[in-house]
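What follows is a short report on a single structure.
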Amino acid sequence: MTAPAVYQLNSLLDKMSNPDSDFRFMSLNDLLGMLTQNLSFSQTDPGTMSKLTDAVVKALDDANGEVQNLAVKCLGPLVLKVKENQIAPLIDRLTTLSMTSQDPSIPSTALRTIISNLPRPAPSPSTSSASSAALHAGQPASSSNPLPRTEATQTAIQASVDAVRVALLPKLMVLLKPEDGAGKGTAATLDSVDLLVETVRCFGQILTGAEVERLQVAVMTLLESDRTSGVVKKRAVTALSLLCVYAPDELLSSFINHLVETFRAESKHLNPTRLRLLVSVTGSLARGIPDRFGLYLKMICPFVLSVTDGKDLVNRELGDEPDMEMDEVREAALVALESFQSCCTEEMKPFIDDLIKAGTVFLKYDPNYADPGNDDDEEMGGTQAGDYDDDEGFGAGSDDDDDAFEDDGNFSDEDDISWKVRRCAAKLLATVLSTRAGDLIRGSNEKGGLAYAKVAPLLIDRFHEREENVRLEILSTATVLVKKTGEVAEGIISPSSGLPPVGTMGPPPKKVRRGSDASMMDTDTTPDVPPADLQGVRESLCQLVPRLSKSIGKLLNNKSITLPTKQASITLLSSIVSVLHGGFEQSLNIFIGALVDAASGGNALASGGNVVVASAPGGSAATATGASVRIEVLRLFSKIFENHSFESISPYLNDSVPAICAAVNETGYKVSFEALGTVTAIVRLLTIPGAPAYPELFSQLYDVVIKKVGNADTDLEVREKAIITLSVLLSRTSGRTNSIPASIRLHALEVLLERLKNETTRASAARAIDGIAKTATDADQIEEQWVQKVVAELGSQLRKANRSLRAASLDSLRSISANDVLRRKISLATKNELVAELTPLLVIGDMQLLALAISVLRFMVLNAKHGETGNPGITLNEALVKNICNLVKSQLGSGVVLENLLALVGTIGEEDQVGKKELMKSLLKNVGVTGDANVVAKVVAQLLVHGGGDEGGFIVGVKDFVDEVEGISDENRKCLALMVLGEIGLRMGPAFPIPPEKFLTHLKDGTENVPIAAAVALGLAGAGNVQKFVPAIMERLAGGRDSYLLVHSLKEIITHSSADNLQAYTNDMWNTLLSAAAANDDSKAVAAECVGRLIILDPYSFLPALQNHMRSPQSVVRGIVISALRYTFTDTDATYDELLRPTVVDFLETMLQDSELENRRLALTALNSAATNKAHLLAGAGLERLLPRVYAESVIKPELVREIQMGPFRHRVDDGLEVRKSAYETLYSLLETSFQSLELSVYFQRVVAGVTDEHDIRALANLMLAKLALLAKDQTARRLDEVADAMRKVLSEKPKENAVKQELERHAEGVRGIVKVAVVLQREVGGGGMKWRQFWEWMVQGWKEILAEVGEEGSA
């Protein structure tokens, strides 16, 4: 680090006093360059530094504005270079300038720059109650962490603290004094308050309680002064809430009491201006210190609510002079109430009814406008299909409606600010609905709850609101209500939402080149059935649909309504369709005409201007345009077609299809892309079973899609979407000769073949062909030549490096080869060429591609079925045999790859009379005991049984393997022979000639692995012949012999057998398993699995028995049944749910209260499994009962922590760690599947606590924080300060001096995990409190290398 030469500084000093402003500017610019470089000024003599400081300060009063600005910039780095004893005089001088200068803004700005750059202390969170709430800033002087400012020593930090306390704070008190009545003295300005804010932000932690109190008094005096401007007061409110962050508990309590007394005084002698400030202060406190302020809400909230109770409106009449001051108070009160509810949700629970009353009263507060009401909506029944005649149904609205809205829109009164009150009321209702949906939205037996009794009807009535901004907030709030209704009805919320923000489609996505996703493919599977709405929550929304449709129809059909309102209305309709899965069967005629007009780009998009849309939850600050409205309309059309019956849609198809085709032809790629998705929805609707033929509509759809596919000028993203849409059109009409003529179909197939050869579209074309191949029939008349070319082209794609292309090609090849119609058209030569391409893929690596390649290969081996014309299957060659044997040697586990491999081997045994013998010979000679015994045994048995057994011409038979077991002493060969026999017995069934005694005799072999192999083989063979093997096993178990081994045998039998085969033995098995496990701890896990599978086989018998055993006095038995229940969640389908529903919560609650620590861990594991696989069974009241138990287990219990002595060392052992880890794993699963049912205030407490827990739990807490940043951004933002405390604690930890390598690695991994999740929080949530911002600055300075690595990973 070099030092600047003295002559350089002297030269700069001379230029700074030059009369020419250009010289002064350039000298300051050069000085700024020196200060920001890595130069050391420590050797510069104090006199020169003093002169330099004086010159820069003097430049603040320069006549040239650019010189002034540059001087301000220089002071920031300069204060880090001056001597410690020069900091206080510099601050004192600038403070004096701020008090005496004609323009105090420049010295005040300079002061703020200095304050923000001074070295700051980093207090310990545990020093005091004030510091525990303080914002962390700066860096500890410990050498373990890099300093945020390279020259910030402990001496410099102390000098900065002394300078602020001695030189700044006393004069700051003077600067904050309001102007006196005579107009003398220094009046507080906005710069003074900003200086206070910056000082408290950076050095609030050094303030004593007395200093905070004096500053609070000064700010309150400023607020209460009538001479203080509104702008200053607004900033002073921020300063006051920031001071409260550092106020000790006693001082904060005193301050709140002062606010309460002031509120009481205001209630007797009303001063609207003062009351508005008081209310604003409470709202600011709720946002700034929600955890501490929430305790006082029961005292504060009633005063704020008294402003919004509407009692002062009772005697008010239309035409009375507007009270603007009170309207401002009401606006501030509603904003404060919204802050209370969003930041202190739990504490506001007793006031929910009052909040709803305030919102509903002022949502219709319009004192200067006589509301004509909605005469058509007097009855809740609303509009039926006949209420709109044909003239209105497809028009733009009647002239009367237009005039009414035009009159409303032209109403203007400069003194009327009541619209702000109404807008805040709508926001308040949206916040209440978002945070208390579970309490406010109820089932049909409670008539929908308060949300539908009081809020929903009023929202619909206010759709005709005359102010655009208010109307958008109302529509946004209605959309929040609809979405929350769906969440409450389903009991869970999806982590990824396909809906855009309410009122707008949001900022348009960047036009990037994206590959088609597999999810774009249409499948012929039945759509997912929506979760059952057992409480009838959707019923209340259904009842409102007619009335709501009529109100929205008036908005959409009105020419004078602006685009943002129309877009918000469309988004509301879209949400309703998503929640109700339809719902507009009787109301489509009301607004379908406007939608058709908008989809085609007609007059509906020519009205209104761009207006900022709603900002309520679910809203956005983007603007609506004609294109964005059109896209929303197309999305709505897609949902309507997907969720309504053909009968309700058919009357509108002739008008809708041409409009959507026009949208497909649009040059704008976003509109065209969305329209193609709508075409897919139409095709699905037109091809449902029983739908009549619409050749004209199919022709229109085909023409626009094929045009997009073939147009080289079309955007690539749209072109890929068009290819997929064409695939859906061809696959869904397969076999329907009256939909698309054969000649057109053949032409489309040729186009797809061309696209398959094109480098940019071949992946999409492969996916398209995949969809067509799945449904192809003889009626499609697909030519053999086309199939040959497609197979050859797809085979050549397997050599490409693009993995997604290879996967798509293999998917398509599998669909072609699995279709008997198409496979018959593949010649033997083409099959051999394809096999040559597949053979290199038969290696361990990408398991997904390997599974697909094996599946395709199996179909290539198949011969034509008897009586069918077609080409023969391929014969195994040497390369194939070698690769198959290499696979058998590998660890394949029990997944899809092994299943496909067994299917391939079985097909070889049945179809390839020569290849099967060569494969068997190679398996025995080249693989044998060198491979995984389980895999080798399965493959050999599969080949032997499917190849004809002893009569199949193999070199070995069943007897040979029996001889191997009896006559070989080699343990590995004996184990393999036993496993082969077991697998053969499983496949041969009763024809298997070997008795159970052959296996039982080997349970006593003295070797290590043979007994377990014999037990498993016994179970496998027993599954093939239950009547012969099970009695022998049960008899041996009854004698108490070999229980550990025989439980493994029962496991294989239960796993591979049906309920009918085992019916006669299940009761005996149940009792034997429980007694055997109780006697032998080693068999607990296997016995639990067996018990779980028995419950699945016979739930009516064993679910009640399970409940009885949960109260067993034996902890081992309780542990077994707890573990067994887990299998009912993972290995059952939806039909089993109704059997579990009545008892599952009781089961889990009983388990979680077990006295044994290990059993509680198993119970948490079972709950985790339930939350992952069957979350809907826990939704609602069930989860409310279980969650407190989970939270309790996630807390560190000191009684479970102990120390053990190991030689000279003492180690801390936490016996509750595994239980706590299971609790956090369960909480993470609930976040994934039951987010809506979580009380986030409690949930966040446990997550933040987990950040400072042990390493494994911290990793889970980090994942949860990252997920919460996406799912609950607002709630996460409010808790960032708590997160900052926890993260700072982890990053400040140092490993022990004698830490081993593993401990160092674990510590480094923990630090990296914290930095990584902090980056996610900053990116997704951002902002946060000042404590978080200070932590972020501290972390950025101290962990630059890790941040760079994390950034590289994110960009990759």
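Quick note on naming: the chains in the structure tokens go A, B, ... in the order shown, residues restart at 1 in each chain, and ligands are numbered from 1 in order of appearance.
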Find the spatial neighbours of range 1291-1301 of chain A, counting only C-alpha atoms, within a cut-off of 8 Å - ignore same-chain residues fewer than 2 positions away - and output them as a list in words.
->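 Counting only C-alpha atoms, the residues come to Ser144, Asn145, Met1287, Arg1288, Lys1289, Glu1303, Leu1304, Glu1305, His1307, Val1311 and Ile1314 of chain A.
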Go through range 1126-1296 of chain A and collect every residue that DSSP, computed from the backbone, puts in helix (DSSP H, G or I); the answer should be as a PyMOL selection string.
-> chain A and resi 1126-1130+1134-1140+1144-1152+1157-1173+1175-1177+1181-1193+1198-1200+1217-1233+1235-1237+1240-1251+1255-1271+1273-1278+1280-1292
Any idea what's packed within 8 Å of range 345-358 of chain A, counting only C-alpha atoms, ignoring anything in its chain fewer than 4 positions away? Could you give it as a PyMOL selection string?
-> chain A and resi 294-295+297-298+305+308-310+334+337+340-341+362+425+428-429+432+435+455+1241
Which neighbours of range 1037-1049 of chain A fall inside 6 Å, counting only C-alpha atoms, when residues of the same chain fewer than 6 positions from it are skipped, and could you give them as number ranges by chain?
-> A: 1015-1016, 1018-1019, 1083
Dump all heavy atoms for the selected residues as a CSV table (one decimal), in the first residue's frame?
chain,number,residue,atom,x,y,z
A,1015,ALA,N,-33.0,-66.8,3.9
A,1015,ALA,CA,-34.2,-66.3,4.4
A,1015,ALA,C,-35.0,-65.5,3.3
A,1015,ALA,O,-36.2,-65.7,3.1
A,1015,ALA,CB,-34.0,-65.4,5.6
A,1016,VAL,N,-34.2,-64.7,2.6
A,1016,VAL,CA,-34.9,-63.9,1.6
A,1016,VAL,C,-35.3,-64.8,0.4
A,1016,VAL,O,-36.5,-64.6,-0.1
A,1016,VAL,CB,-33.9,-62.8,1.0
A,1016,VAL,CG1,-34.4,-62.1,-0.2
A,1016,VAL,CG2,-33.5,-61.8,2.1
A,1018,LEU,N,-36.2,-67.9,0.7
A,1018,LEU,CA,-37.4,-68.6,1.2
A,1018,LEU,C,-38.6,-67.7,1.1
A,1018,LEU,O,-39.7,-68.2,0.7
A,1018,LEU,CB,-37.1,-68.9,2.7
A,1018,LEU,CG,-38.3,-69.6,3.4
A,1018,LEU,CD1,-38.6,-71.0,2.8
A,1018,LEU,CD2,-38.0,-69.7,4.9
A,1019,GLY,N,-38.5,-66.5,1.4
A,1019,GLY,CA,-39.7,-65.6,1.2
A,1019,GLY,C,-40.1,-65.4,-0.2
A,1019,GLY,O,-41.3,-65.4,-0.5
A,1083,SER,N,-35.0,-57.1,14.8
A,1083,SER,CA,-36.0,-57.3,13.7
A,1083,SER,C,-37.1,-56.2,13.8
A,1083,SER,O,-38.1,-56.4,13.0
A,1083,SER,CB,-36.6,-58.7,13.9
A,1083,SER,OG,-37.3,-58.8,15.1
Contacts of Gly931 in chain A at 9 Å (only C-alpha atoms; same-chain gap of 4+ positions) as an mmCIF file with all heavy atoms, in the first residue's frame:
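Output saved as selection-v3.cif:
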data_model
loop_
_atom_site.group_PDB
_atom_site.id
_atom_site.type_symbol
_atom_site.label_atom_id
_atom_site.label_comp_id
_atom_site.auth_asym_id
_atom_site.auth_seq_id
_atom_site.Cartn_x
_atom_site.Cartn_y
_atom_site.Cartn_z
ATOM 1 N N ASN A 886 -22.754 -56.066 -18.567
ATOM 2 C CA ASN A 886 -22.139 -54.969 -17.815
ATOM 3 C C ASN A 886 -23.161 -54.255 -16.931
ATOM 4 O O ASN A 886 -22.858 -53.822 -15.816
ATOM 5 C CB ASN A 886 -21.485 -53.975 -18.770
ATOM 6 C CG ASN A 886 -20.225 -54.526 -19.418
ATOM 7 O OD1 ASN A 886 -19.589 -55.434 -18.857
ATOM 8 N ND2 ASN A 886 -19.869 -54.014 -20.574
ATOM 9 N N VAL A 888 -25.806 -55.665 -15.632
ATOM 10 C CA VAL A 888 -26.137 -56.566 -14.533
ATOM 11 C C VAL A 888 -25.064 -56.502 -13.447
ATOM 12 O O VAL A 888 -25.360 -56.658 -12.252
ATOM 13 C CB VAL A 888 -26.310 -58.011 -15.060
ATOM 14 C CG1 VAL A 888 -26.559 -58.978 -13.912
ATOM 15 C CG2 VAL A 888 -27.454 -58.073 -16.056
ATOM 16 N N LYS A 889 -23.837 -56.251 -13.834
ATOM 17 C CA LYS A 889 -22.760 -56.134 -12.848
ATOM 18 C C LYS A 889 -22.889 -54.872 -11.994
ATOM 19 O O LYS A 889 -22.331 -54.800 -10.906
ATOM 20 C CB LYS A 889 -21.410 -56.087 -13.563
ATOM 21 C CG LYS A 889 -20.940 -57.400 -14.150
ATOM 22 C CD LYS A 889 -19.562 -57.205 -14.771
ATOM 23 C CE LYS A 889 -19.056 -58.499 -15.411
ATOM 24 N NZ LYS A 889 -17.724 -58.300 -16.023
ATOM 25 N N SER A 890 -23.620 -53.878 -12.483
ATOM 26 C CA SER A 890 -23.673 -52.567 -11.824
ATOM 27 C C SER A 890 -24.725 -52.543 -10.721
ATOM 28 O O SER A 890 -25.584 -53.424 -10.636
ATOM 29 C CB SER A 890 -23.980 -51.470 -12.858
ATOM 30 O OG SER A 890 -23.076 -51.536 -13.936
ATOM 31 N N GLN A 891 -24.654 -51.507 -9.894
ATOM 32 C CA GLN A 891 -25.639 -51.304 -8.841
ATOM 33 C C GLN A 891 -26.851 -50.588 -9.435
ATOM 34 O O GLN A 891 -26.861 -49.378 -9.622
ATOM 35 C CB GLN A 891 -25.026 -50.441 -7.716
ATOM 36 C CG GLN A 891 -23.852 -51.081 -7.002
ATOM 37 C CD GLN A 891 -24.270 -52.257 -6.131
ATOM 38 O OE1 GLN A 891 -25.413 -52.339 -5.698
ATOM 39 N NE2 GLN A 891 -23.337 -53.164 -5.887
ATOM 40 N N VAL A 927 -20.445 -62.766 -15.506
ATOM 41 C CA VAL A 927 -20.993 -61.955 -14.417
ATOM 42 C C VAL A 927 -20.911 -62.740 -13.112
ATOM 43 O O VAL A 927 -20.073 -62.478 -12.258
ATOM 44 C CB VAL A 927 -22.446 -61.526 -14.714
ATOM 45 C CG1 VAL A 927 -22.983 -60.684 -13.559
ATOM 46 C CG2 VAL A 927 -22.537 -60.757 -16.019
ATOM 47 N N VAL A 935 -29.488 -58.382 -8.242
ATOM 48 C CA VAL A 935 -29.766 -58.096 -9.648
ATOM 49 C C VAL A 935 -29.478 -59.321 -10.504
ATOM 50 O O VAL A 935 -30.270 -59.699 -11.381
ATOM 51 C CB VAL A 935 -28.937 -56.884 -10.119
ATOM 52 C CG1 VAL A 935 -29.147 -56.638 -11.611
ATOM 53 C CG2 VAL A 935 -29.311 -55.649 -9.322
ATOM 54 N N VAL A 936 -28.330 -59.968 -10.274
ATOM 55 C CA VAL A 936 -27.970 -61.150 -11.066
ATOM 56 C C VAL A 936 -29.024 -62.234 -10.906
ATOM 57 O O VAL A 936 -29.451 -62.874 -11.882
ATOM 58 C CB VAL A 936 -26.578 -61.682 -10.641
ATOM 59 C CG1 VAL A 936 -26.262 -62.970 -11.387
ATOM 60 C CG2 VAL A 936 -25.505 -60.636 -10.917
#
Mind pulling up the distance from CA of Trp1338 in chain A to CA of Val1317 in chain A?
->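 According to the coordinates, CA of Val1317 in chain A and CA of Trp1338 in chain A are separated by 15.3 Å.
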Would you mind telling me which residue in A:Lys1316, A:Lys707, A:Arg1212, A:Arg1093 lies nearest to Thr1066 in chain A when using only C-alpha atoms?
->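 The shortest atom-to-atom distance to Thr1066 in chain A comes from A:Arg1093.
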Please indicate the distance in Å from CA of Gln1027 in chain A to CA of Leu944 in chain A, rounded to one decimal place.
-> 24.0 Å
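Minimum atom-to-atom distances from A:Arg1161, A:Lys177, A:Lys708, A:Lys566 to Lys554 in chain A were compared using only C-alpha atoms, and the lowest value belongs to A:Lys566.
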Within 9 Å of Leu277 in chain A, counting only C-alpha atoms, which residues show up once you throw out same-chain ones fewer than 2 positions away? Write them as a count of residues only, please.
-> 15
Could you please determine the separation between CA of Gln158 in chain A and CA of Lys58 in chain A in Å, to one decimal place?
->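 Distance reported for this atom pair: 26.9 Å.
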Might you pull out every residue within 12 Å of Val1144 in chain A, with only C-alpha atoms counted and same-chain residues fewer than 5 positions away left off, and present them as a ChimeraX atom specification?
-> /A:1103-1104,1106-1107,1122,1125-1126,1128-1129,1136-1139,1149-1151,1163,1166-1167,1170-1171,1174-1179,1182-1183,1185-1186
Save the residues we just selected, N, CA and C atoms, as a compact mmCIF listing (two decimals), in the first residue's frame?
# COMPACT_ATOMS: atom_id res chain seq x y z
N LEU A 1103 -56.45 -51.79 11.00
CA LEU A 1103 -56.43 -50.40 11.47
C LEU A 1103 -56.96 -50.29 12.90
N PRO A 1104 -58.09 -50.93 13.25
CA PRO A 1104 -58.50 -50.90 14.67
C PRO A 1104 -57.48 -51.55 15.60
N LEU A 1106 -54.33 -51.66 15.14
CA LEU A 1106 -53.21 -50.73 15.25
C LEU A 1106 -53.47 -49.70 16.34
N GLN A 1107 -54.70 -49.18 16.38
CA GLN A 1107 -55.05 -48.19 17.39
C GLN A 1107 -54.93 -48.77 18.81
N ILE A 1122 -46.03 -47.44 15.21
CA ILE A 1122 -45.79 -46.08 14.73
C ILE A 1122 -45.08 -46.12 13.38
N LEU A 1125 -47.35 -47.37 10.43
CA LEU A 1125 -48.33 -46.45 9.85
C LEU A 1125 -47.75 -45.66 8.68
N ARG A 1126 -46.44 -45.45 8.71
CA ARG A 1126 -45.80 -44.68 7.64
C ARG A 1126 -46.04 -45.31 6.27
N THR A 1128 -48.62 -46.79 5.19
CA THR A 1128 -49.97 -46.53 4.67
C THR A 1128 -50.04 -45.18 3.96
N PHE A 1129 -49.06 -44.33 4.18
CA PHE A 1129 -49.02 -43.04 3.49
C PHE A 1129 -48.26 -43.12 2.18
N TYR A 1136 -57.53 -45.40 -0.70
CA TYR A 1136 -57.28 -45.78 0.69
C TYR A 1136 -57.54 -44.61 1.65
N ASP A 1137 -57.65 -43.39 1.08
CA ASP A 1137 -57.72 -42.19 1.92
C ASP A 1137 -58.92 -42.19 2.85
N GLU A 1138 -60.07 -42.64 2.34
CA GLU A 1138 -61.28 -42.58 3.16
C GLU A 1138 -61.20 -43.51 4.36
N LEU A 1139 -60.38 -44.55 4.27
CA LEU A 1139 -60.19 -45.42 5.42
C LEU A 1139 -59.31 -44.76 6.48
N GLU A 1149 -51.52 -37.87 16.67
CA GLU A 1149 -51.48 -37.10 17.92
C GLU A 1149 -51.08 -38.00 19.09
N THR A 1150 -51.63 -39.22 19.12
CA THR A 1150 -51.25 -40.16 20.16
C THR A 1150 -49.77 -40.51 20.08
N MET A 1151 -49.29 -40.71 18.85
CA MET A 1151 -47.88 -41.04 18.67
C MET A 1151 -46.96 -39.93 19.18
N ALA A 1163 -42.67 -41.04 15.30
CA ALA A 1163 -43.96 -40.39 15.04
C ALA A 1163 -43.79 -39.17 14.14
N ALA A 1166 -43.38 -40.40 10.69
CA ALA A 1166 -44.67 -40.78 10.12
C ALA A 1166 -45.46 -39.55 9.70
N LEU A 1167 -45.46 -38.52 10.54
CA LEU A 1167 -46.16 -37.28 10.19
C LEU A 1167 -45.53 -36.64 8.95
N ALA A 1170 -46.85 -38.45 6.04
CA ALA A 1170 -48.24 -38.05 5.77
C ALA A 1170 -48.30 -36.68 5.12
N ALA A 1171 -47.48 -35.76 5.62
CA ALA A 1171 -47.48 -34.41 5.05
C ALA A 1171 -46.99 -34.41 3.61
N LYS A 1174 -49.93 -37.38 1.74
CA LYS A 1174 -51.38 -37.26 1.92
C LYS A 1174 -51.70 -36.05 2.78
N ALA A 1175 -51.21 -34.90 2.34
CA ALA A 1175 -51.39 -33.68 3.13
C ALA A 1175 -52.86 -33.33 3.31
N HIS A 1176 -53.71 -33.69 2.35
CA HIS A 1176 -55.12 -33.32 2.44
C HIS A 1176 -55.82 -34.01 3.61
N LEU A 1177 -55.25 -35.12 4.08
CA LEU A 1177 -55.86 -35.79 5.23
C LEU A 1177 -55.59 -35.03 6.54
N LEU A 1178 -54.60 -34.16 6.53
CA LEU A 1178 -54.25 -33.42 7.73
C LEU A 1178 -54.80 -32.00 7.72
N ALA A 1179 -55.32 -31.55 6.60
CA ALA A 1179 -55.68 -30.15 6.43
C ALA A 1179 -56.74 -29.73 7.45
N GLY A 1182 -57.17 -30.80 11.82
CA GLY A 1182 -56.19 -31.84 12.14
C GLY A 1182 -54.80 -31.28 12.28
N LEU A 1183 -54.41 -30.44 11.36
CA LEU A 1183 -53.06 -29.87 11.43
C LEU A 1183 -52.95 -28.90 12.60
N ARG A 1185 -54.16 -29.35 15.45
CA ARG A 1185 -53.88 -30.18 16.62
C ARG A 1185 -52.44 -30.71 16.62
N LEU A 1186 -51.91 -30.97 15.45
CA LEU A 1186 -50.60 -31.62 15.36
C LEU A 1186 -49.44 -30.64 15.39
Restricting the calculation to only C-alpha atoms, which member of A:Met1110, A:Leu857, A:Ile157, A:Ala1032 is positioned closest to Ser817 in chain A?
->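 Of A:Met1110, A:Leu857, A:Ile157, A:Ala1032, the one nearest Ser817 in chain A is A:Leu857, counting only C-alpha atoms.
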